[in-house]
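Pasted below: query.txt, compact mmCIF, C-alpha atoms.
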```txt
# COMPACT_ATOMS: atom_id res chain seq x y z
CA MET A 4 24.57 -12.29 1.22
CA ALA A 5 24.97 -12.97 4.92
CA GLY A 6 22.09 -14.89 6.41
CA ALA A 7 19.66 -13.27 8.80
CA THR A 8 19.64 -14.47 12.39
CA ARG A 9 16.59 -15.18 14.52
CA ARG A 10 17.19 -11.72 16.00
CA SER A 11 16.31 -10.23 12.61
CA PRO A 12 12.76 -8.91 12.87
CA ASN A 13 9.83 -10.43 11.08
CA ILE A 14 8.37 -7.90 8.64
CA VAL A 15 4.67 -7.59 7.79
CA LEU A 16 3.95 -5.03 5.07
CA ILE A 17 0.22 -4.29 4.78
CA MET A 18 -0.80 -2.31 1.70
CA ALA A 19 -4.16 -0.80 0.86
CA ASP A 20 -5.26 -0.19 -2.72
CA ASP A 21 -6.24 3.39 -3.65
CA MET A 22 -6.37 4.79 -0.11
CA GLY A 23 -5.88 8.49 0.42
CA TYR A 24 -3.70 9.54 3.34
CA TRP A 25 -6.68 11.55 4.61
CA ALA A 26 -8.85 8.42 5.02
CA ALA A 27 -7.87 7.28 8.53
CA GLY A 28 -8.61 8.48 12.02
CA CYS A 29 -4.92 8.71 12.87
CA TYR A 30 -4.53 11.19 9.99
CA GLY A 31 -7.23 13.46 11.38
CA ASN A 32 -10.38 12.11 9.75
CA PRO A 33 -13.16 12.26 12.41
CA GLU A 34 -15.71 10.32 10.35
CA ILE A 35 -14.00 7.10 9.29
CA VAL A 36 -13.81 4.09 11.62
CA THR A 37 -10.20 2.80 11.74
CA PRO A 38 -9.47 1.71 15.32
CA ASN A 39 -6.70 -0.71 14.38
CA LEU A 40 -4.84 1.72 12.14
CA ASP A 41 -5.18 4.27 14.92
CA ARG A 42 -3.78 1.70 17.34
CA LEU A 43 -0.88 1.01 15.00
CA ALA A 44 -0.08 4.72 14.80
CA ALA A 45 -0.28 5.10 18.58
CA ALA A 46 2.08 2.15 19.05
CA GLY A 47 4.67 3.37 16.55
CA MET A 48 5.50 6.12 14.09
CA ARG A 49 3.17 8.01 11.75
CA PHE A 50 4.73 9.53 8.64
CA ASP A 51 3.09 12.73 7.43
CA ASN A 52 4.97 13.27 4.16
CA PHE A 53 5.29 9.87 2.55
CA PHE A 54 4.84 9.73 -1.23
CA CYS A 55 4.24 7.08 -3.84
CA THR A 56 6.55 7.11 -6.87
CA SER A 57 3.63 7.14 -9.31
CA PRO A 58 -0.05 7.86 -8.58
CA VAL A 59 -1.33 4.63 -10.11
CA CYS A 60 -1.22 0.97 -9.04
CA SER A 61 1.34 -1.05 -11.02
CA PRO A 62 4.22 1.47 -11.29
CA ALA A 63 3.96 2.29 -7.58
CA ARG A 64 3.98 -1.39 -6.60
CA ALA A 65 6.98 -2.09 -8.83
CA SER A 66 8.84 0.82 -7.24
CA LEU A 67 8.08 -0.36 -3.73
CA LEU A 68 9.53 -3.79 -4.57
CA THR A 69 12.58 -2.64 -6.51
CA GLY A 70 13.50 0.74 -5.01
CA LYS A 71 13.47 2.19 -8.53
CA ILE A 72 11.37 4.88 -10.20
CA PRO A 73 9.19 3.86 -13.19
CA SER A 74 11.67 5.01 -15.84
CA GLN A 75 14.14 2.56 -14.29
CA HIS A 76 11.95 -0.51 -13.77
CA GLY A 77 9.90 0.01 -16.93
CA VAL A 78 6.32 -0.18 -15.62
CA HIS A 79 4.73 3.16 -16.54
CA ASP A 80 0.99 2.61 -16.07
CA PHE A 81 -1.47 0.16 -14.58
CA ILE A 82 -1.32 -3.24 -16.25
CA ALA A 83 -4.64 -4.23 -17.80
CA SER A 84 -3.88 -7.91 -17.63
CA GLY A 85 -5.51 -11.24 -17.09
CA ILE A 86 -4.70 -14.82 -17.91
CA GLY A 87 -4.55 -15.17 -21.67
CA SER A 88 -4.15 -11.45 -22.30
CA ALA A 89 -1.30 -9.90 -24.25
CA ASN A 90 0.09 -8.49 -20.98
CA HIS A 91 0.33 -11.81 -19.21
CA PHE A 92 4.06 -12.07 -18.60
CA GLU A 93 6.45 -11.37 -15.73
CA TYR A 94 7.02 -7.62 -15.71
CA MET A 95 9.45 -8.01 -12.82
CA GLU A 96 11.55 -10.71 -14.48
CA GLY A 97 15.23 -9.95 -14.05
CA GLN A 98 14.61 -7.20 -11.50
CA ILE A 99 16.29 -7.35 -8.11
CA GLY A 100 13.58 -6.83 -5.53
CA LEU A 101 12.95 -6.70 -1.81
CA PRO A 102 11.51 -10.21 -1.29
CA ALA A 103 14.34 -11.87 -3.21
CA LEU A 104 16.93 -9.89 -1.24
CA LEU A 105 15.29 -10.84 2.04
CA ALA A 106 14.99 -14.49 0.95
CA ALA A 107 18.70 -14.54 0.10
CA GLY A 108 19.31 -13.18 3.59
CA GLY A 109 17.46 -16.03 5.27
CA TYR A 110 13.87 -14.81 5.29
CA ARG A 111 10.83 -16.86 4.37
CA CYS A 112 8.75 -14.62 2.08
CA GLY A 113 5.04 -14.68 1.34
CA ILE A 114 2.38 -12.58 -0.37
CA SER A 115 -1.38 -12.60 0.12
CA GLY A 116 -3.59 -10.41 -2.06
CA LYS A 117 -3.05 -8.12 -5.03
CA TRP A 118 0.03 -8.51 -7.24
CA HIS A 119 -0.85 -6.51 -10.39
CA LEU A 120 2.56 -6.83 -12.03
CA GLY A 121 1.74 -9.23 -14.81
CA ALA A 122 1.64 -13.02 -14.58
CA SER A 123 -0.19 -13.99 -11.41
CA ASP A 124 -0.34 -17.75 -11.90
CA ARG A 125 3.20 -18.46 -10.67
CA PRO A 126 5.40 -17.28 -7.77
CA GLN A 127 7.97 -14.60 -8.54
CA MET A 128 10.68 -12.41 -6.99
CA GLY A 129 11.59 -14.70 -4.10
CA PHE A 130 8.08 -15.26 -2.76
CA GLU A 131 7.83 -18.76 -1.32
CA HIS A 132 4.17 -18.39 -0.35
CA TRP A 133 1.98 -17.09 -3.19
CA TYR A 134 -1.76 -16.34 -3.04
CA VAL A 135 -2.64 -13.48 -5.38
CA LEU A 136 -5.42 -11.80 -7.32
CA GLU A 137 -5.49 -12.42 -11.06
CA GLY A 138 -5.44 -8.80 -12.22
CA GLY A 139 -5.75 -5.33 -10.77
CA ALA A 140 -9.31 -5.25 -9.47
CA SER A 141 -12.31 -7.48 -8.91
CA PRO A 142 -15.70 -7.60 -7.19
CA TYR A 143 -15.38 -8.17 -3.46
CA PHE A 144 -17.39 -11.39 -3.56
CA ALA A 145 -16.18 -13.04 -6.79
CA SER A 146 -12.41 -12.68 -6.91
CA PRO A 147 -10.16 -14.76 -9.21
CA MET A 148 -7.18 -15.96 -7.17
CA TYR A 149 -4.07 -18.11 -7.75
CA ARG A 150 -2.22 -20.14 -5.14
CA GLY A 151 1.35 -21.41 -5.44
CA ALA A 152 2.81 -22.77 -8.65
CA SER A 153 -0.18 -24.85 -9.71
CA GLY A 154 -1.41 -22.25 -12.21
CA GLU A 155 -5.03 -23.08 -11.35
CA LYS A 156 -7.54 -20.27 -10.85
CA GLU A 157 -10.18 -20.30 -8.14
CA ILE A 158 -13.12 -17.92 -7.85
CA VAL A 159 -13.41 -16.88 -4.21
CA ARG A 160 -17.02 -16.21 -3.24
CA GLU A 161 -16.33 -15.04 0.31
CA TYR A 162 -15.54 -11.41 1.13
CA ILE A 163 -12.08 -10.99 -0.39
CA THR A 164 -10.80 -8.80 2.44
CA ASP A 165 -11.47 -11.62 4.90
CA VAL A 166 -9.98 -14.21 2.54
CA ILE A 167 -6.72 -12.27 2.22
CA THR A 168 -6.62 -11.86 6.01
CA ASP A 169 -7.21 -15.57 6.59
CA ASP A 170 -4.43 -16.53 4.19
CA ALA A 171 -2.01 -14.05 5.75
CA ILE A 172 -2.69 -15.38 9.24
CA GLY A 173 -2.22 -18.93 7.98
CA PHE A 174 1.22 -18.02 6.65
CA ILE A 175 2.14 -16.35 9.94
CA ARG A 176 1.09 -19.44 11.91
CA THR A 177 3.18 -21.66 9.65
CA CYS A 178 6.22 -19.42 10.02
CA ALA A 179 5.81 -19.30 13.80
CA GLU A 180 6.73 -22.98 13.89
CA GLY A 181 10.12 -22.39 12.24
CA GLU A 182 13.33 -20.62 13.12
CA ARG A 183 13.63 -18.35 10.09
CA PRO A 184 12.35 -14.77 10.22
CA PHE A 185 9.57 -14.07 7.75
CA TYR A 186 8.51 -11.29 5.42
CA LEU A 187 4.82 -11.07 4.50
CA SER A 188 3.19 -8.71 2.01
CA VAL A 189 -0.54 -8.38 2.73
CA HIS A 190 -1.94 -6.58 -0.29
CA TYR A 191 -5.62 -5.81 0.19
CA THR A 192 -7.86 -4.84 -2.71
CA ALA A 193 -9.68 -2.40 -0.41
CA PRO A 194 -10.70 0.32 -0.88
CA HIS A 195 -10.41 0.02 -4.70
CA ALA A 196 -13.68 0.26 -6.66
CA PRO A 197 -16.34 -1.18 -6.94
CA TRP A 198 -18.00 0.25 -3.86
CA ILE A 199 -21.81 0.04 -4.06
CA GLY A 200 -23.30 -3.24 -2.83
CA GLN A 201 -19.88 -4.78 -2.27
CA HIS A 202 -19.36 -4.75 1.50
CA PRO A 203 -20.96 -6.42 4.53
CA GLU A 204 -23.79 -4.48 6.11
CA LYS A 205 -21.97 -4.35 9.45
CA TYR A 206 -19.48 -1.99 7.79
CA THR A 207 -21.74 0.02 5.48
CA SER A 208 -24.32 0.65 8.24
CA LEU A 209 -21.68 2.51 10.24
CA TYR A 210 -21.99 5.29 7.66
CA ASP A 211 -25.76 5.46 7.23
CA ASP A 212 -25.85 8.86 8.90
CA CYS A 213 -22.39 10.06 7.89
CA GLU A 214 -22.28 13.48 6.24
CA PHE A 215 -18.87 12.82 4.67
CA ARG A 216 -17.64 16.30 5.43
CA SER A 217 -14.08 14.97 5.16
CA CYS A 218 -14.62 14.65 1.39
CA PRO A 219 -14.95 18.06 -0.31
CA ARG A 220 -17.96 18.61 -2.52
CA GLU A 221 -16.45 20.77 -5.23
CA PRO A 222 -17.43 21.39 -8.86
CA GLU A 223 -16.14 18.69 -11.18
CA HIS A 224 -12.63 19.43 -12.41
CA PRO A 225 -12.51 20.25 -16.15
CA TRP A 226 -9.87 17.53 -16.64
CA SER A 227 -11.91 14.88 -14.82
CA THR A 228 -11.95 11.40 -16.41
CA PHE A 229 -13.01 9.03 -13.62
CA THR A 230 -16.68 10.00 -13.87
CA ARG A 231 -16.82 8.54 -17.38
CA ALA A 232 -16.02 5.12 -15.93
CA VAL A 233 -18.06 5.49 -12.73
CA PRO A 234 -20.66 8.23 -13.37
CA SER A 235 -22.49 7.43 -10.13
CA VAL A 236 -19.77 9.15 -8.07
CA TYR A 237 -21.74 12.33 -8.65
CA THR A 238 -25.26 11.03 -9.20
CA ASP A 239 -25.06 8.81 -6.08
CA ARG A 240 -22.19 10.36 -4.17
CA LYS A 241 -23.20 9.09 -0.73
CA ALA A 242 -23.51 5.42 -1.77
CA ASN A 243 -20.03 5.49 -3.29
CA LEU A 244 -18.50 7.21 -0.28
CA GLN A 245 -20.30 4.79 2.02
CA GLY A 246 -18.75 1.90 0.09
CA TYR A 247 -15.29 3.49 0.05
CA PHE A 248 -15.34 4.11 3.81
CA ALA A 249 -16.83 0.65 4.50
CA ALA A 250 -14.04 -0.99 2.46
CA ILE A 251 -11.44 0.73 4.65
CA THR A 252 -13.22 -0.23 7.86
CA GLY A 253 -13.46 -3.84 6.67
CA MET A 254 -9.74 -3.82 5.92
CA ASP A 255 -9.05 -2.24 9.31
CA ALA A 256 -10.86 -5.16 10.95
CA GLY A 257 -8.60 -7.57 9.04
CA ILE A 258 -5.53 -5.67 10.21
CA GLY A 259 -6.79 -6.02 13.77
CA ARG A 260 -7.02 -9.79 13.30
CA ILE A 261 -3.44 -9.91 11.99
CA ILE A 262 -2.21 -7.97 15.03
CA GLU A 263 -4.16 -10.32 17.33
CA ALA A 264 -2.62 -13.35 15.62
CA LEU A 265 0.88 -11.96 16.13
CA GLU A 266 0.06 -11.30 19.78
CA SER A 267 -1.36 -14.77 20.36
CA LEU A 268 1.77 -16.33 18.87
CA ASN A 269 4.06 -14.09 20.95
CA LEU A 270 5.47 -12.60 17.76
CA LEU A 271 4.41 -8.98 18.08
CA GLU A 272 7.61 -7.80 19.78
CA ASP A 273 9.66 -9.61 17.13
CA THR A 274 7.78 -8.06 14.21
CA LEU A 275 8.01 -4.80 12.29
CA LEU A 276 4.50 -3.87 11.15
CA ILE A 277 4.09 -1.48 8.23
CA PHE A 278 0.90 -0.03 6.77
CA THR A 279 0.68 2.01 3.59
CA SER A 280 -1.17 2.37 0.29
CA ASP A 281 0.05 1.95 -3.27
CA ASN A 282 -1.10 5.44 -4.23
CA GLY A 283 -3.35 8.22 -2.98
CA PHE A 284 -6.95 8.87 -3.94
CA ASN A 285 -9.41 11.71 -4.43
CA CYS A 286 -13.03 11.42 -3.36
CA GLY A 287 -14.13 14.83 -4.54
CA HIS A 288 -10.84 16.51 -3.62
CA HIS A 289 -9.94 19.12 -6.25
CA GLY A 290 -13.21 18.23 -7.98
CA LEU A 291 -11.82 14.80 -8.89
CA TRP A 292 -12.51 11.16 -8.18
CA GLY A 293 -9.62 8.76 -8.64
CA LYS A 294 -5.85 9.07 -8.47
CA GLY A 295 -3.32 10.33 -11.02
CA ASN A 296 -5.47 9.03 -13.84
CA GLY A 297 -8.59 10.63 -12.39
CA SER A 298 -7.79 13.44 -14.78
CA PHE A 299 -6.20 13.93 -18.16
CA PRO A 300 -3.58 15.30 -18.32
CA MET A 301 -2.62 13.15 -15.32
CA ASN A 302 -2.47 15.02 -12.03
CA MET A 303 0.09 15.12 -9.23
CA TYR A 304 -2.08 16.60 -6.50
CA ASP A 305 -0.91 15.65 -3.00
CA THR A 306 -4.15 13.72 -2.55
CA SER A 307 -2.99 11.53 -5.46
CA VAL A 308 0.70 11.16 -4.60
CA LYS A 309 0.77 11.25 -0.79
CA VAL A 310 0.00 7.97 0.99
CA PRO A 311 -0.57 6.87 4.59
CA PHE A 312 2.51 5.26 6.12
CA LEU A 313 2.74 3.75 9.60
CA MET A 314 5.50 1.66 11.20
CA SER A 315 5.32 -0.12 14.53
CA HIS A 316 7.78 -2.35 16.37
CA PRO A 317 7.29 -2.50 20.15
CA GLY A 318 10.45 -1.71 22.07
CA ARG A 319 12.30 -0.38 19.04
CA ILE A 320 10.21 2.33 17.34
CA PRO A 321 9.07 5.00 19.83
CA ALA A 322 5.33 4.79 20.48
CA GLY A 323 3.20 7.76 19.43
CA SER A 324 5.99 9.33 17.38
CA THR A 325 5.67 11.20 14.08
CA CYS A 326 7.98 11.98 11.18
CA ASP A 327 7.41 14.79 8.69
CA ASP A 328 10.48 14.11 6.54
CA LEU A 329 9.85 13.95 2.80
CA LEU A 330 10.08 10.23 2.06
CA SER A 331 9.16 8.01 -0.86
CA GLN A 332 8.39 4.41 -1.71
CA TYR A 333 11.83 4.18 -3.27
CA ASP A 334 13.32 4.72 0.22
CA LEU A 335 11.67 1.61 1.65
CA LEU A 336 13.95 -1.07 0.16
CA PRO A 337 17.21 0.33 1.59
CA THR A 338 15.45 1.04 4.89
CA LEU A 339 14.17 -2.51 5.37
CA LEU A 340 17.50 -4.06 4.42
CA GLU A 341 19.28 -1.93 7.02
CA TYR A 342 16.56 -2.57 9.61
CA ALA A 343 16.90 -6.32 9.05
CA GLY A 344 20.68 -6.15 9.41
CA LEU A 345 21.32 -7.13 5.79
CA PRO A 346 23.83 -5.58 3.38
CA PRO A 347 22.65 -2.71 1.16
CA VAL A 348 22.22 -3.06 -2.58
CA GLU A 349 25.37 -1.79 -4.27
CA ASP A 350 23.74 0.23 -7.02
CA ASP A 351 24.45 3.95 -7.37
CA ALA A 352 21.45 4.31 -9.68
CA LEU A 353 18.95 3.62 -6.89
CA PRO A 354 17.35 6.96 -5.97
CA GLY A 355 16.39 6.18 -2.37
CA ARG A 356 18.25 6.06 0.89
CA SER A 357 17.54 4.40 4.21
CA PHE A 358 15.62 6.21 6.91
CA ALA A 359 16.16 3.40 9.43
CA ALA A 360 18.10 5.79 11.67
CA VAL A 361 14.95 7.85 12.18
CA LEU A 362 13.04 4.79 13.44
CA ASP A 363 15.18 4.14 16.49
CA ASN A 364 16.12 7.77 17.23
CA ARG A 365 19.67 7.55 15.89
CA LEU A 366 18.72 10.45 13.63
CA PRO A 367 15.85 12.64 14.85
CA ALA A 368 13.20 13.27 12.23
CA GLY A 369 13.81 16.38 10.18
CA ARG A 370 17.58 16.53 10.68
CA GLU A 371 20.03 16.31 7.79
CA ARG A 372 17.23 15.67 5.31
CA GLU A 373 16.17 19.23 4.51
CA SER A 374 17.62 19.05 1.00
CA ILE A 375 15.52 16.02 0.07
CA VAL A 376 13.27 16.29 -2.97
CA VAL A 377 10.68 13.72 -4.04
CA PHE A 378 10.37 12.62 -7.66
CA ASP A 379 7.19 11.19 -9.17
CA GLU A 380 6.53 9.89 -12.66
CA TYR A 381 3.37 8.94 -14.49
CA GLY A 382 3.44 8.53 -18.25
CA PRO A 383 4.68 11.84 -19.69
CA VAL A 384 4.21 13.68 -16.37
CA ARG A 385 7.00 14.37 -13.88
CA MET A 386 6.84 15.91 -10.40
CA ILE A 387 9.49 17.36 -8.10
CA ARG A 388 8.31 18.13 -4.59
CA THR A 389 10.19 19.92 -1.83
CA ARG A 390 8.82 20.79 1.59
CA GLU A 391 7.42 24.11 0.31
CA TRP A 392 7.15 23.80 -3.46
CA LYS A 393 5.96 21.46 -6.15
CA TYR A 394 6.86 21.58 -9.84
```

Mind converting the file's structure to structure tokens?
Amino acid sequence: MAGATRRSPNIVLIMADDMGYWAAGCYGNPEIVTPNLDRLAAAGMRFDNFFCTSPVCSPARASLLTGKIPSQHGVHDFIASGIGSANHFEYMEGQIGLPALLAAGGYRCGISGKWHLGASDRPQMGFEHWYVLEGGASPYFASPMYRGASGEKEIVREYITDVITDDAIGFIRTCAEGERPFYLSVHYTAPHAPWIGQHPEKYTSLYDDCEFRSCPREPEHPWSTFTRAVPSVYTDRKANLQGYFAAITGMDAGIGRIIEALESLNLLEDTLLIFTSDNGFNCGHHGLWGKGNGSFPMNMYDTSVKVPFLMSHPGRIPAGSTCDDLLSQYDLLPTLLEYAGLPPVEDDALPGRSFAAVLDNRLPAGRERESIVVFDEYGPVRMIRTREWKY
């Protein structure tokens, strides 16, 4: 693969964990405090119809990395894994993925935060910098983390959102000293449960008087399953919502620090910034808490499968723009390769296609994409979504 030049943009992909597209000011929520996400949207493009490939963590993350749907990459549900468990192996072994493709094209690749695709105690898929969570979730003040190839676990006692931010900024500062462009995945655990008693008071106190009108208070759905795991979502609804919103605001503060670091290093104009979530989330929407597995049978409500998606690159992506095209996580790999000036993956089986032309106005949003349908998979459930209909 041809090497990237210094003119190839740096890429910072920031991913939330279990964040509904409705849970940000730039998506119309008047209650939640997200000034930095709002700033990112104002500086770039907000996508209003961006979907995950599966409404649960591990399959969605595998799809984002590989450009494949779950039935192609083989990860069909969240991986209940930890060191020493039966699931502790490399689920992505042998898969061609975005970081490896970028690394082959000259990029220096790093990840800070949640991995959740099996073995976490060793770098994989082209990541040179590796600082990841052991499994899929943890308390916010006692998180098991692995760094590099040492295989040694450390329990981080500081607020994990700040720890992930610090590590990400450290990687950016290191890369700023070199000539190679860099790709950084910043995978926050926020706003994944647990929520009560997990976040600094400076964030939770912002919501002491919040009425949480942005979260419907509907009768519990007859298929609801999440309340069996976290029954307090109904018995102490406000405390859980306060924690969920505080987790997002804490993450938003970390994103602001990353933007400030890029600015201070004069890297912001050379960097494509992306924000998204692995899957959507319901906080009372449709009478459910959780995502696709917040019910059984699994659900494909838009609140479960639609995710926030923002892209910003000063001077290249028009500020304050929006896109309502139907797009999916499986479109991201071909888009980033084209955006970076690297050759596409020659694989007719990949379901996605690049939307890079939309980003710099070579193809206005909404044109020539009307026939697009979005596919989702979760276990035995399949979804096809057009602009007007869902099956």

Shell of 7 Å around stretch 131-143 of chain A, only C-alpha atoms, local chain residues under 3 positions omitted, as a PDB file with C-alpha atoms, keeping the file's coordinate frame:
```
ATOM      1  CA  SER A  84      -3.880  -7.910 -17.630  1.00  0.00           C
ATOM      2  CA  GLY A  85      -5.510 -11.240 -17.090  1.00  0.00           C
ATOM      3  CA  ARG A 111      10.830 -16.860   4.370  1.00  0.00           C
ATOM      4  CA  CYS A 112       8.750 -14.620   2.080  1.00  0.00           C
ATOM      5  CA  GLY A 113       5.040 -14.680   1.340  1.00  0.00           C
ATOM      6  CA  ILE A 114       2.380 -12.580  -0.370  1.00  0.00           C
ATOM      7  CA  SER A 115      -1.380 -12.600   0.120  1.00  0.00           C
ATOM      8  CA  GLY A 116      -3.590 -10.410  -2.060  1.00  0.00           C
ATOM      9  CA  LYS A 117      -3.050  -8.120  -5.030  1.00  0.00           C
ATOM     10  CA  TRP A 118       0.030  -8.510  -7.240  1.00  0.00           C
ATOM     11  CA  HIS A 119      -0.850  -6.510 -10.390  1.00  0.00           C
ATOM     12  CA  SER A 123      -0.190 -13.990 -11.410  1.00  0.00           C
ATOM     13  CA  PRO A 126       5.400 -17.280  -7.770  1.00  0.00           C
ATOM     14  CA  SER A 146     -12.410 -12.680  -6.910  1.00  0.00           C
ATOM     15  CA  PRO A 147     -10.160 -14.760  -9.210  1.00  0.00           C
ATOM     16  CA  MET A 148      -7.180 -15.960  -7.170  1.00  0.00           C
ATOM     17  CA  TYR A 149      -4.070 -18.110  -7.750  1.00  0.00           C
ATOM     18  CA  ARG A 150      -2.220 -20.140  -5.140  1.00  0.00           C
ATOM     19  CA  GLY A 151       1.350 -21.410  -5.440  1.00  0.00           C
ATOM     20  CA  TYR A 162     -15.540 -11.410   1.130  1.00  0.00           C
ATOM     21  CA  ILE A 163     -12.080 -10.990  -0.390  1.00  0.00           C
ATOM     22  CA  THR A 192      -7.860  -4.840  -2.710  1.00  0.00           C
ATOM     23  CA  PRO A 197     -16.340  -1.180  -6.940  1.00  0.00           C
ATOM     24  CA  GLN A 201     -19.880  -4.780  -2.270  1.00  0.00           C
TER      25      GLN A 201
END
```

request  = Would you mind listing what lies within 10 Å of A:Pro317 as a list of chain:residue names, with all atoms listed in the file counted and same-chain residues fewer than 5 positions away left out?
outcome  = A:Ala46, A:Gly47, A:Leu271, A:Glu272, A:Asp273, A:Thr274, A:Leu275, A:Leu276, A:Ala322

request  = Could you tell me which of A:Arg388, A:Glu96, A:Ile262, A:Gly355 comes closest to A:Ser66 if we count all atoms listed in the file?
outcome  =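 Closest candidate: A:Gly355.
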
message = Please list as number ranges by chain every residue within 7 Å of A:Ile199, counting only C-alpha atoms and excluding residues in the same chain fewer than 4 positions away.
response = A: 242-243, 246

Suppose we keep C-alpha atoms; can you now write the selection as a PDB file, in the coordinates of the input?
```
ATOM      1  CA  ALA A 242     -23.510   5.420  -1.770  1.00  0.00           C
ATOM      2  CA  ASN A 243     -20.030   5.490  -3.290  1.00  0.00           C
ATOM      3  CA  GLY A 246     -18.750   1.900   0.090  1.00  0.00           C
TER       4      GLY A 246
END
```

Pairwise distance for atom CA of A:Gly109 and atom CA of A:Leu339, rounded to one decimal in Å = 13.9 Å

task = Check the smallest atom-to-atom distance from each of A:Val377, A:Met22, A:Leu268, A:Leu336 to A:Ala193 using all atoms listed in the file, then report the winner.
result =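 So, comparing all the options, the nearest one is A:Met22.
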
Produce a table with one row for each residue of stretch 202-301 of chain A that has an atom at most 10 Å from any atom of stretch 183-191 of chain A, each row naming the nearest atom pair and its distance in Å at one decimal; use all atoms listed in the file; arrange rows by chain and rising residue number; format as a tab-separated table.
```
residue	atom	partner	partner_atom	distance
A:Ala250	CA	A:Tyr191	CA	10.0
A:Ile251	CA	A:Tyr191	CA	9.8
A:Met254	CA	A:Tyr191	CA	7.3
A:Gly257	CA	A:Tyr191	CA	9.5
A:Ile258	CA	A:Val189	CA	9.4
A:Ile261	CA	A:Val189	CA	9.8
A:Asp273	CA	A:Pro184	CA	9.0
A:Thr274	CA	A:Phe185	CA	9.0
A:Leu275	CA	A:Tyr186	CA	9.5
A:Leu276	CA	A:Leu187	CA	9.8
A:Ile277	CA	A:Ser188	CA	9.6
A:Phe278	CA	A:Val189	CA	9.4
A:Thr279	CA	A:His190	CA	9.8
A:Ser280	CA	A:His190	CA	9.0
A:Asp281	CA	A:His190	CA	9.3
```

query = Could you pull the residues within 9 Å of A:Pro347, counting all atoms listed in the file, minus those fewer than 3 positions along the same chain, as a ChimeraX atom specification?
reply = /A:336-338,340-341,350

Residue neighbourhood A:Ile320, 7 Å, only C-alpha atoms, exclusion window fewer than 6 positions, as JSON, numbers by chain = {"A": [47, 48, 362, 363]}

Atomic separation - atom CA of A:Phe229 relative to atom CA of A:Leu291, Å = 7.6 Å

ask   = Taking only C-alpha atoms into account, which of A:Pro222, A:Gly70, A:Pro12, A:Gly77 comes nearest A:Gly382?
value =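 Closest residue, counting only C-alpha atoms: A:Gly77.
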
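Separating atom CA of A:Pro102 from atom CA of A:Met18 is a distance of 14.9 Å.
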
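With distances taken over all atoms listed in the file, A:Val59 is the one residue among A:Cys326, A:Leu101, A:Ala152, A:Val59 lying closest to A:Val308.
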